[in-house]
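One file, protein.tsv, is given below (TSV, C-alpha atoms).
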```
chain	number	residue	atom	x	y	z
A	1170	MET	CA	11.35	-26.46	-25.67
A	1171	ALA	CA	7.98	-25.53	-24.15
A	1172	HIS	CA	6.44	-22.28	-25.27
A	1173	PRO	CA	5.68	-19.62	-22.63
A	1174	PRO	CA	2.02	-19.52	-21.60
A	1175	LEU	CA	-0.18	-16.98	-23.34
A	1176	THR	CA	0.00	-14.72	-20.27
A	1177	MET	CA	3.80	-14.54	-20.50
A	1178	ARG	CA	5.83	-12.82	-23.21
A	1179	LEU	CA	9.56	-12.60	-23.67
A	1180	VAL	CA	10.84	-9.01	-23.67
A	1181	ARG	CA	14.11	-8.31	-25.44
A	1182	SER	CA	16.97	-6.95	-23.36
A	1183	GLN	CA	20.37	-5.74	-24.48
A	1184	ALA	CA	21.82	-6.25	-20.98
A	1185	ALA	CA	24.28	-9.12	-21.10
A	1186	GLY	CA	22.69	-12.47	-20.32
A	1187	VAL	CA	19.40	-10.95	-19.16
A	1188	THR	CA	16.03	-12.49	-20.02
A	1189	ILE	CA	12.81	-10.67	-19.15
A	1190	GLU	CA	9.47	-12.46	-19.14
A	1191	ARG	CA	6.48	-10.15	-18.95
A	1192	ILE	CA	3.57	-11.74	-17.10
A	1193	ASP	CA	-0.03	-10.57	-17.14
A	1194	PRO	CA	-1.18	-10.74	-13.49
A	1195	LEU	CA	-4.78	-10.15	-14.55
A	1196	ALA	CA	-5.10	-13.17	-16.83
A	1197	ASP	CA	-4.51	-16.12	-14.49
A	1198	GLY	CA	-2.76	-17.23	-11.32
A	1199	CYS	CA	0.68	-17.61	-12.86
A	1200	TRP	CA	2.09	-14.52	-11.14
A	1201	ASP	CA	0.66	-15.40	-7.73
A	1202	GLY	CA	2.22	-18.82	-8.00
A	1203	PHE	CA	5.61	-17.16	-8.34
A	1204	VAL	CA	5.24	-14.75	-5.41
A	1205	SER	CA	3.35	-16.92	-2.93
A	1206	ASN	CA	6.46	-18.53	-1.40
A	1207	ARG	CA	8.56	-15.36	-1.15
A	1208	ALA	CA	9.28	-14.32	2.42
A	1209	ASP	CA	9.38	-10.61	1.56
A	1210	GLN	CA	6.14	-10.51	-0.45
A	1211	SER	CA	3.17	-8.43	0.65
A	1212	ILE	CA	-0.42	-8.03	-0.46
A	1213	PHE	CA	0.77	-5.33	-2.88
A	1214	HIS	CA	2.74	-7.92	-4.86
A	1215	HIS	CA	-0.33	-10.02	-5.62
A	1216	SER	CA	-2.52	-10.01	-8.70
A	1217	ALA	CA	-5.57	-8.92	-6.67
A	1218	TRP	CA	-3.90	-5.58	-5.95
A	1219	ALA	CA	-2.93	-5.25	-9.62
A	1220	ARG	CA	-6.59	-5.74	-10.50
A	1221	VAL	CA	-7.63	-3.00	-8.05
A	1222	LEU	CA	-5.17	-0.51	-9.59
A	1223	SER	CA	-5.98	-1.46	-13.17
A	1224	GLU	CA	-9.77	-1.41	-12.79
A	1225	THR	CA	-9.81	1.80	-10.76
A	1226	TYR	CA	-7.27	3.93	-12.61
A	1227	GLY	CA	-6.62	2.13	-15.89
A	1228	HIS	CA	-2.91	1.63	-15.17
A	1229	GLN	CA	-1.21	-0.97	-17.37
A	1230	PRO	CA	0.68	-3.76	-15.58
A	1231	PHE	CA	4.27	-4.64	-16.50
A	1232	TYR	CA	4.96	-7.56	-14.17
A	1233	LEU	CA	8.35	-9.07	-14.90
A	1234	LYS	CA	10.28	-12.23	-14.15
A	1235	VAL	CA	13.95	-11.37	-14.71
A	1236	SER	CA	16.69	-13.98	-15.16
A	1237	VAL	CA	20.41	-13.49	-15.63
A	1238	ASP	CA	22.46	-16.19	-17.38
A	1239	GLY	CA	19.60	-18.61	-16.91
A	1240	THR	CA	19.21	-17.99	-13.18
A	1241	GLU	CA	16.05	-16.37	-11.89
A	1242	ALA	CA	17.05	-13.09	-10.27
A	1243	ALA	CA	13.90	-11.16	-9.35
A	1244	LEU	CA	10.17	-10.68	-9.72
A	1245	VAL	CA	9.37	-7.04	-10.44
A	1246	PRO	CA	5.80	-5.69	-10.33
A	1247	LEU	CA	5.48	-2.46	-12.34
A	1248	MET	CA	2.58	-0.32	-13.46
A	1249	GLU	CA	2.67	2.18	-16.28
A	1250	VAL	CA	0.97	5.38	-15.12
A	1251	SER	CA	0.05	7.44	-18.16
A	1252	SER	CA	-1.29	10.98	-17.85
A	1253	ARG	CA	-1.41	13.96	-20.18
A	1254	PHE	CA	-0.73	16.14	-17.13
A	1255	THR	CA	1.91	14.21	-15.18
A	1256	GLY	CA	3.50	12.18	-17.97
A	1257	ARG	CA	4.17	8.45	-18.41
A	1258	ARG	CA	6.24	6.59	-15.86
A	1259	GLY	CA	6.84	3.14	-14.46
A	1260	VAL	CA	6.11	2.71	-10.76
A	1261	SER	CA	6.58	-0.28	-8.50
A	1262	LEU	CA	3.80	0.20	-7.43
A	1263	PRO	CA	1.31	3.11	-7.40
A	1264	PHE	CA	-0.58	3.77	-4.15
A	1265	SER	CA	1.45	1.03	-2.46
A	1266	ASP	CA	3.54	1.48	0.66
A	1267	CYS	CA	6.18	-1.04	-0.35
A	1268	ALA	CA	6.10	-3.11	-3.54
A	1269	GLY	CA	9.67	-3.30	-4.79
A	1270	PRO	CA	11.34	-6.28	-6.48
A	1271	LEU	CA	11.25	-9.71	-4.86
A	1272	TRP	CA	14.79	-11.04	-5.10
A	1273	SER	CA	15.88	-14.60	-5.77
A	1274	GLU	CA	19.58	-13.88	-6.23
A	1275	ALA	CA	21.01	-10.70	-4.73
A	1276	SER	CA	24.26	-10.86	-6.66
A	1277	LEU	CA	22.36	-10.45	-9.93
A	1278	ALA	CA	20.78	-7.12	-8.94
A	1279	PRO	CA	23.00	-4.98	-11.26
A	1280	GLY	CA	21.77	-6.91	-14.30
A	1281	VAL	CA	18.16	-6.60	-13.19
A	1282	TYR	CA	18.33	-2.85	-12.69
A	1283	ALA	CA	20.12	-2.43	-16.03
A	1284	ALA	CA	17.28	-4.30	-17.73
A	1285	LEU	CA	14.63	-2.20	-15.95
A	1286	LEU	CA	16.27	1.03	-17.09
A	1287	GLU	CA	16.45	-0.31	-20.61
A	1288	LEU	CA	12.74	-1.13	-20.50
A	1289	ALA	CA	11.96	2.36	-19.15
A	1290	ALA	CA	13.90	3.96	-22.00
A	1291	ALA	CA	12.18	1.76	-24.60
A	1292	LYS	CA	8.76	2.70	-23.20
A	1293	LYS	CA	9.80	6.38	-23.13
A	1294	TRP	CA	8.84	6.68	-19.50
A	1295	LYS	CA	9.54	9.97	-17.80
A	1296	ARG	CA	10.95	8.10	-14.81
A	1297	LEU	CA	11.21	4.73	-13.12
A	1298	GLU	CA	10.34	4.50	-9.43
A	1299	ILE	CA	11.09	1.61	-7.08
A	1300	ARG	CA	9.31	1.67	-3.73
A	1301	GLY	CA	11.06	-0.45	-1.16
A	1302	GLY	CA	12.68	-3.83	-1.63
A	1303	LEU	CA	15.64	-5.48	0.03
A	1304	ILE	CA	18.30	-4.50	-2.53
A	1305	SER	CA	18.97	-0.93	-3.63
A	1306	PRO	CA	20.27	0.09	-7.07
A	1307	ALA	CA	24.08	0.26	-6.98
A	1308	GLY	CA	25.32	3.76	-6.18
A	1309	ALA	CA	21.81	5.21	-5.81
A	1310	LYS	CA	20.66	7.25	-2.86
A	1311	PRO	CA	16.99	7.21	-1.88
A	1312	PHE	CA	14.90	9.86	-3.54
A	1313	GLN	CA	12.58	9.79	-0.53
A	1314	THR	CA	12.78	7.89	2.73
A	1315	TYR	CA	9.88	6.98	4.99
A	1316	ASP	CA	9.64	5.07	8.26
A	1317	SER	CA	7.89	1.72	8.35
A	1318	HIS	CA	6.64	0.37	11.69
A	1319	HIS	CA	6.30	-3.39	12.19
A	1320	LEU	CA	4.69	-5.36	15.00
A	1321	ASP	CA	5.65	-9.00	15.64
A	1322	LEU	CA	2.37	-10.88	16.12
A	1323	ARG	CA	3.98	-14.25	16.81
A	1324	GLN	CA	4.19	-13.49	20.55
A	1325	GLY	CA	0.41	-13.81	20.95
A	1326	THR	CA	-2.21	-11.44	22.29
A	1327	ALA	CA	-1.33	-11.78	25.99
A	1328	SER	CA	2.29	-10.78	25.43
A	1329	LEU	CA	1.29	-8.11	22.92
A	1330	PHE	CA	-1.06	-6.51	25.45
A	1331	ARG	CA	1.64	-6.51	28.16
A	1332	ASN	CA	4.07	-4.79	25.80
A	1333	LEU	CA	1.69	-1.98	24.93
A	1334	ASP	CA	2.37	1.47	26.26
A	1335	GLY	CA	0.36	2.04	29.44
A	1336	SER	CA	-1.66	4.81	27.80
A	1337	VAL	CA	-2.68	2.41	25.03
A	1338	ARG	CA	-3.86	-0.24	27.50
A	1339	ARG	CA	-5.95	2.39	29.31
A	1340	ALA	CA	-7.40	3.60	26.00
A	1341	ILE	CA	-8.38	0.05	25.01
A	1342	ARG	CA	-10.12	-0.48	28.34
A	1343	LYS	CA	-11.95	2.84	27.98
A	1344	SER	CA	-13.11	1.86	24.53
A	1345	GLU	CA	-14.37	-1.47	25.85
A	1346	SER	CA	-16.34	0.19	28.67
A	1347	SER	CA	-17.74	3.09	26.61
A	1348	GLY	CA	-20.60	1.21	24.95
A	1349	ILE	CA	-18.88	1.22	21.55
A	1350	GLU	CA	-19.48	-1.94	19.54
A	1351	ILE	CA	-16.54	-3.08	17.41
A	1352	THR	CA	-17.07	-5.56	14.60
A	1353	VAL	CA	-14.78	-7.22	12.07
A	1354	GLU	CA	-16.44	-7.32	8.66
A	1355	ARG	CA	-15.71	-8.48	5.12
A	1356	SER	CA	-18.43	-6.97	2.98
A	1357	LEU	CA	-18.95	-4.26	0.37
A	1358	LYS	CA	-21.62	-2.74	2.62
A	1359	ALA	CA	-19.07	-2.28	5.41
A	1360	MET	CA	-16.62	-0.70	2.97
A	1361	VAL	CA	-19.22	1.84	1.85
A	1362	GLU	CA	-19.87	2.68	5.52
A	1363	PHE	CA	-16.15	3.12	6.05
A	1364	TYR	CA	-15.92	5.38	2.99
A	1365	GLN	CA	-18.39	7.85	4.47
A	1366	LEU	CA	-16.07	8.30	7.46
A	1367	HIS	CA	-13.06	8.33	5.17
A	1368	GLY	CA	-14.37	11.31	3.20
A	1369	ARG	CA	-14.85	13.36	6.37
A	1370	THR	CA	-11.42	12.37	7.68
A	1371	ARG	CA	-9.66	13.32	4.45
A	1372	ARG	CA	-11.42	16.69	4.49
A	1373	ARG	CA	-10.14	17.26	8.03
A	1374	HIS	CA	-6.62	16.48	6.80
A	1375	GLY	CA	-6.94	18.80	3.81
A	1376	LEU	CA	-7.00	15.99	1.24
A	1377	PRO	CA	-9.54	14.77	-1.32
A	1378	PRO	CA	-10.66	11.17	-0.80
A	1379	GLN	CA	-9.72	8.50	-3.29
A	1380	PRO	CA	-12.63	7.49	-5.55
A	1381	LEU	CA	-15.33	5.28	-4.06
A	1382	LYS	CA	-14.58	2.87	-6.92
A	1383	PHE	CA	-11.10	2.31	-5.47
A	1384	PHE	CA	-12.53	1.14	-2.15
A	1385	CYS	CA	-15.25	-0.93	-3.79
A	1386	ASN	CA	-12.60	-2.72	-5.84
A	1387	ILE	CA	-10.58	-3.36	-2.68
A	1388	ALA	CA	-13.69	-4.86	-1.13
A	1389	ARG	CA	-14.44	-7.07	-4.14
A	1390	HIS	CA	-10.94	-8.24	-4.99
A	1391	LEU	CA	-9.36	-8.38	-1.53
A	1392	VAL	CA	-11.69	-8.15	1.45
A	1393	GLU	CA	-14.43	-10.43	0.11
A	1394	ARG	CA	-11.76	-12.92	-0.96
A	1395	ASP	CA	-10.34	-13.23	2.54
A	1396	LEU	CA	-7.36	-10.95	1.88
A	1397	GLY	CA	-8.44	-8.16	4.19
A	1398	ILE	CA	-10.76	-7.02	6.95
A	1399	ILE	CA	-12.77	-3.91	7.74
A	1400	VAL	CA	-13.01	-3.09	11.43
A	1401	MET	CA	-15.84	-0.73	12.38
A	1402	ALA	CA	-16.66	1.00	15.67
A	1403	LYS	CA	-20.28	2.03	16.22
A	1404	LEU	CA	-22.11	3.77	19.03
A	1405	ALA	CA	-25.86	3.13	19.09
A	1406	GLY	CA	-25.55	1.87	15.52
A	1407	VAL	CA	-23.77	5.00	14.24
A	1408	PRO	CA	-20.29	4.46	12.71
A	1409	VAL	CA	-17.73	6.53	14.63
A	1410	ALA	CA	-14.46	5.01	13.41
A	1411	GLY	CA	-13.17	2.39	11.00
A	1412	ALA	CA	-10.04	0.89	9.53
A	1413	VAL	CA	-9.05	-1.32	6.60
A	1414	PHE	CA	-6.36	-3.97	6.98
A	1415	LEU	CA	-5.02	-6.05	4.10
A	1416	HIS	CA	-3.08	-9.29	4.44
A	1417	SER	CA	-1.32	-11.91	2.39
A	1418	SER	CA	0.23	-15.10	3.67
A	1419	LYS	CA	1.40	-14.18	7.18
A	1420	ARG	CA	1.91	-10.44	6.69
A	1421	ALA	CA	-0.72	-7.75	7.24
A	1422	ILE	CA	-0.79	-3.99	6.74
A	1423	TYR	CA	-2.90	-1.24	8.27
A	1424	LYS	CA	-3.85	0.59	5.08
A	1425	PHE	CA	-6.64	3.09	5.88
A	1426	GLY	CA	-8.16	4.60	8.98
A	1427	ALA	CA	-10.99	7.06	9.53
A	1428	SER	CA	-12.90	8.45	12.50
A	1429	ASP	CA	-15.27	11.10	13.79
A	1430	THR	CA	-13.41	13.50	16.11
A	1431	ASP	CA	-16.52	14.01	18.28
A	1432	TYR	CA	-16.06	10.47	19.60
A	1433	TRP	CA	-12.29	10.49	20.15
A	1434	PRO	CA	-12.70	10.75	23.96
A	1435	LEU	CA	-14.18	7.24	23.86
A	1436	ARG	CA	-11.01	5.95	22.17
A	1437	PRO	CA	-12.66	4.06	19.28
A	1438	ASN	CA	-9.43	4.04	17.23
A	1439	HIS	CA	-7.58	2.17	19.97
A	1440	GLY	CA	-10.43	-0.31	20.25
A	1441	ILE	CA	-10.34	-0.88	16.50
A	1442	MET	CA	-6.59	-1.42	16.38
A	1443	TRP	CA	-6.66	-3.91	19.26
A	1444	ALA	CA	-9.61	-5.81	17.76
A	1445	ALA	CA	-7.75	-6.00	14.45
A	1446	ILE	CA	-4.57	-7.26	16.12
A	1447	CYS	CA	-6.52	-9.99	17.90
A	1448	GLU	CA	-8.26	-10.97	14.65
A	1449	LEU	CA	-5.01	-11.09	12.70
A	1450	VAL	CA	-3.27	-13.16	15.38
A	1451	GLY	CA	-6.16	-15.63	15.29
A	1452	TYR	CA	-5.97	-15.68	11.52
A	1453	GLY	CA	-2.31	-16.75	11.70
A	1454	CYS	CA	-0.63	-13.51	10.64
A	1455	GLU	CA	2.87	-13.12	12.04
A	1456	GLU	CA	3.51	-9.44	11.33
A	1457	LEU	CA	1.50	-6.22	11.16
A	1458	GLN	CA	2.93	-3.27	9.26
A	1459	PHE	CA	1.43	0.08	10.24
A	1460	GLY	CA	2.02	1.67	6.84
A	1461	ARG	CA	4.58	4.25	5.84
A	1462	THR	CA	5.19	7.33	7.98
A	1463	SER	CA	6.88	10.59	7.11
A	1464	PRO	CA	9.83	11.22	9.47
A	1465	ALA	CA	8.36	14.70	10.02
A	1466	ASP	CA	5.12	13.26	11.46
A	1467	ALA	CA	6.31	12.72	15.02
A	1468	SER	CA	2.86	12.30	16.55
A	1469	LEU	CA	1.90	9.51	14.14
A	1470	ALA	CA	5.25	7.79	14.74
A	1471	ARG	CA	4.67	7.92	18.52
A	1472	PHE	CA	1.24	6.36	18.08
A	1473	LYS	CA	2.65	3.47	16.07
A	1474	LEU	CA	5.57	2.93	18.47
A	1475	SER	CA	3.17	2.87	21.44
A	1476	TRP	CA	1.82	-0.45	20.15
A	1477	GLY	CA	5.21	-2.10	20.61
A	1478	SER	CA	6.30	-1.86	16.99
A	1479	ASN	CA	9.84	-1.42	15.73
A	1480	VAL	CA	10.80	1.00	12.99
A	1481	ARG	CA	12.64	0.29	9.74
A	1482	SER	CA	13.75	2.55	6.94
A	1483	LEU	CA	11.62	2.48	3.79
A	1484	PRO	CA	13.55	3.99	0.85
A	1485	TYR	CA	12.08	4.97	-2.52
A	1486	PHE	CA	14.37	5.22	-5.56
A	1487	ARG	CA	13.65	7.27	-8.67
A	1488	HIS	CA	15.55	7.23	-11.97
A	1489	GLY	CA	15.01	10.21	-14.25
A	1490	LEU	CA	15.22	9.17	-17.88
A	1491	GLN	CA	16.03	12.68	-19.10
A	1492	ALA	CA	18.94	12.98	-16.68
A	1493	ASP	CA	19.78	9.29	-17.16
A	1494	ALA	CA	20.59	9.04	-13.47
A	1495	TRP	CA	19.18	7.94	-10.15
A	1496	LEU	CA	17.88	11.19	-8.69
A	1497	SER	CA	19.22	12.56	-5.43
A	1498	SER	CA	17.14	12.90	-2.30
A	1499	ALA	CA	14.24	15.32	-2.30
A	1500	ARG	CA	12.00	16.74	0.37
A	1501	LEU	CA	8.83	14.78	0.86
A	1502	PRO	CA	5.99	16.34	-1.15
A	1503	ALA	CA	3.27	18.33	0.56
A	1504	GLU	CA	0.33	15.94	0.70
A	1505	SER	CA	-2.08	18.20	2.57
A	1506	HIS	CA	-3.85	21.26	1.18
A	1507	PRO	CA	-6.13	22.39	4.01
A	1508	LEU	CA	-6.84	25.81	2.51
A	1509	ILE	CA	-8.50	24.08	-0.44
A	1510	PHE	CA	-9.86	20.68	0.47
A	1511	GLY	CA	-10.33	21.51	4.16
A	1512	HIS	CA	-13.11	23.94	3.29
A	1513	LEU	CA	-14.82	22.43	0.26
A	1514	PRO	CA	-18.03	20.42	0.71
A	1515	ILE	CA	-17.37	16.69	0.89
A	1516	ALA	CA	-19.20	16.15	-2.42
A	1517	CYS	CA	-16.77	18.56	-4.12
A	1518	ASN	CA	-13.81	16.83	-2.52
A	1519	ARG	CA	-15.06	13.47	-3.79
A	1520	LEU	CA	-15.38	14.87	-7.30
A	1521	ALA	CA	-11.85	16.29	-7.02
A	1522	GLY	CA	-10.58	12.87	-5.96
A	1523	ARG	CA	-12.16	11.17	-8.98
A	1524	LEU	CA	-10.52	13.72	-11.28
A	1525	ILE	CA	-7.10	13.94	-9.61
A	1526	TYR	CA	-6.08	10.44	-8.52
A	1527	PRO	CA	-5.86	8.84	-12.00
A	1528	HIS	CA	-2.94	11.24	-12.65
A	1529	LEU	CA	-1.12	10.46	-9.39
A	1530	ASP	CA	0.77	7.47	-8.09
```
In C-alpha cells, what does this structure look like?
Amino acid sequence: MAHPPLTMRLVRSQAAGVTIERIDPLADGCWDGFVSNRADQSIFHHSAWARVLSETYGHQPFYLKVSVDGTEAALVPLMEVSSRFTGRRGVSLPFSDCAGPLWSEASLAPGVYAALLELAAAKKWKRLEIRGGLISPAGAKPFQTYDSHHLDLRQGTASLFRNLDGSVRRAIRKSESSGIEITVERSLKAMVEFYQLHGRTRRRHGLPPQPLKFFCNIARHLVERDLGIIVMAKLAGVPVAGAVFLHSSKRAIYKFGASDTDYWPLRPNHGIMWAAICELVGYGCEELQFGRTSPADASLARFKLSWGSNVRSLPYFRHGLQADAWLSSARLPAESHPLIFGHLPIACNRLAGRLIYPHLD
C-alpha cells in the first residue's frame, strides 16, 4: 500500500466508515489537482487563494479529502481563524463569497458533515461555518442567506450587449465618449493604484479597508499568475475607478470595485464592467458571478440584474459547538459604521483595517 504524500495526513474519525485526509494546499499542487475538474469549483477553492489568506492573516489551512466506505465524498477547504478577541473557529472560507464543499457523492453528505463536526469538536473550535455549496447539512436552516448574481458569458458579447438594460447600454456609450481610458492590467503597480481608490471608497461606505498586504498578495498569487485582472478607468492619467476580477477555469467573480464619486457622471464603473466582460469572454470564461449581495441592498441588486444576470440563493450554515446544533437564521450583521470610519482620515482607517481584519472572517 502506497504511503500518503508528505503533504497529506490521515485524520482519525469516529464517524462510521469515514476517512479524512488532510492536505496542505500550500506545499504543492496536490490539492489543485483534485479541484481542477470540479464543475462547481471557484477561484476560492484553489491553493492560490489559500496562500493569500494564510500569508495575509496567518490563518491555518485544514483542507480535507473526505471518503465514506472507500468512496470519495467531498473536498472541503477550511481555515482555522484564531483570535484572542473573536475565538477560534473553522470557516469554509474566510473572506470568500462561496467556498463550501465540492461534492463527489451527494448521498454521502451526512457522513461528511458528521466528520466535520467531529473535527471541529476535537479542535475546540467555537463554531464551524460553511459558506455555500450544493448540499446543505441535513435538517439545518441557513444562518444567513445572501443573493448571488450570475451572468452567462457563453452567449458572446453581441448577445450580452443586446440583453443589457437600456440604461446600461447608454451608460457604456457615455463612458466610451467621455475621454476615459479603460485598461485591463495584471500587475502589482495596478493593484496599488486600485488600492488608493479602494481606501477612499471604503471610507465613503463607513468601512475600514482591508490591509494593503491582502491586495498585494492577491496581485502576486492570483493576478500576476493569470488568475485575475485589474480593470482601471483613468481620465487624463488620473485613476477614477477600478475593479478586481478573479477567475479559475471558466468561472469568474467580480470581487472588488472602487471609484471616485466626482466622476460618476461619466459612468466609469459601467465602462469598467463592460470592458471586463469582454475580456473574460475573450479569455474563455463562461460565467461571471457578481459577488454576494444582501437582500436588503435593493439598489445593488438592481445594478447587477441590469447586466442580464440571474439570481440564486447563497446560504451560509453555522454550527455552534457550545449549543451542539446548527444555529437558526440570524439578521445579517451591520457591516457599515459611517459614524466612525466615515469621518476618520484614510490613514487611520487603513491602520484600523490592519488591526481589525486578522480577527474577522
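For the set A:Ala1445, A:Ala1278, A:Leu1288, A:Ser1428, the residue with the smallest atom-to-atom gap to His1374 (chain A) is A:Ser1428, counting only C-alpha atoms.
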- request: Would you list the residues near (-12.9, 15.4, -7.9), meaning any protein, DNA or RNA residue with an atom at most 12 Å from that point in file coordinates, counting all atoms listed in the file, as a ChimeraX atom specification?
  value: /A:1368,1376-1381,1510,1513-1528
Minimum-distance residue to Pro1270 (chain A), chosen among A:Ala1284, A:Ile1351, A:Ala1243, A:Ala1291 (using all atoms listed in the file): A:Ala1243
- request: Pull the neighbourhood of (1.1, -16.3, 19.1) for me: all residues within 12 Å in file coordinates, counting all atoms listed in the file, as number ranges by chain.
  value: A: 1321-1330, 1446-1456
- request: Work out how far CA of Ala1412 (chain A) is from CA of Lys1424 (chain A), in Å to one decimal.
  value: 7.6 Å
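Nearest residue to Leu1457 (chain A), choosing from A:Phe1363, A:Trp1200, A:Tyr1423, A:Phe1486 and counting all atoms listed in the file: A:Tyr1423.
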message: What's around Asp1209 (chain A) at 9 Å? Count only C-alpha atoms, leave out sequence neighbours fewer than 3 positions away in its own chain, and write the answer as a PyMOL selection string.
response: chain A and resi 1206+1271-1272+1302-1303
query: Smallest atom-to-atom distance to Ala1402 (chain A): which of A:Arg1342, A:His1488, A:Arg1436, A:His1367, using all atoms listed in the file?
result: A:Arg1436
message: List the spatial neighbours of Ala1410 (chain A) as a ChimeraX atom specification - criterion: any atom at most 8 Å away, only C-alpha atoms, same-chain residues fewer than 2 positions off excluded.
response: /A:1363,1366,1401-1403,1408,1412,1426-1429,1437-1438,1441
- line: note - CA of Arg1338 (chain A) and CA of Ala1467 (chain A) are separated by 20.7 Å
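One finds CA of Ser1276 (chain A) at 23.2 Å from CA of Ile1192 (chain A).
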Would you mind listing, for every residue of region 1196-1275 of chain A within 12 Å of region 1307-1317 of chain A, the two atoms forming the shortest contact and the distance between them in Å to one decimal, using all atoms listed in the file, sorted by chain and ascending residue number, as a tab-separated table?
```
residue	atom	partner	partner_atom	distance
A:Asp1266	CA	A:Ser1317	CA	8.8
A:Cys1267	CA	A:Ser1317	CA	9.3
A:Ala1275	CA	A:Ala1307	CA	11.6
```
Once 4 Å is added on each side, what are the centre and the three edge lengths, in Å to one decimal, of the axis-aligned box enclosing the listed atoms of region 1379-1392 of chain A? Present them as AutoDock Vina command-line options.
```
--center_x -12.3 --center_y 0.1 --center_z -2.7 --size_x 14.0 --size_y 24.9 --size_z 16.4
```
field: Nearest residue to Ser1356 (chain A) from the set A:Thr1430, A:Asn1386, A:Gln1458, A:Thr1225 (distances using all atoms listed in the file)
entry: A:Asn1386
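Across A:Leu1508, A:Cys1385, A:Ile1398, A:Val1204, the tightest approach to Lys1358 (chain A) is made by A:Cys1385 when counting all atoms listed in the file.
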message: Residues near Val1250 (chain A), anyone? I mean within 12 Å using all atoms listed in the file, not counting same-chain ones fewer than 2 positions away, as a ChimeraX atom specification.
response: /A:1222-1223,1226-1231,1247-1248,1252-1264,1292-1298,1526-1530
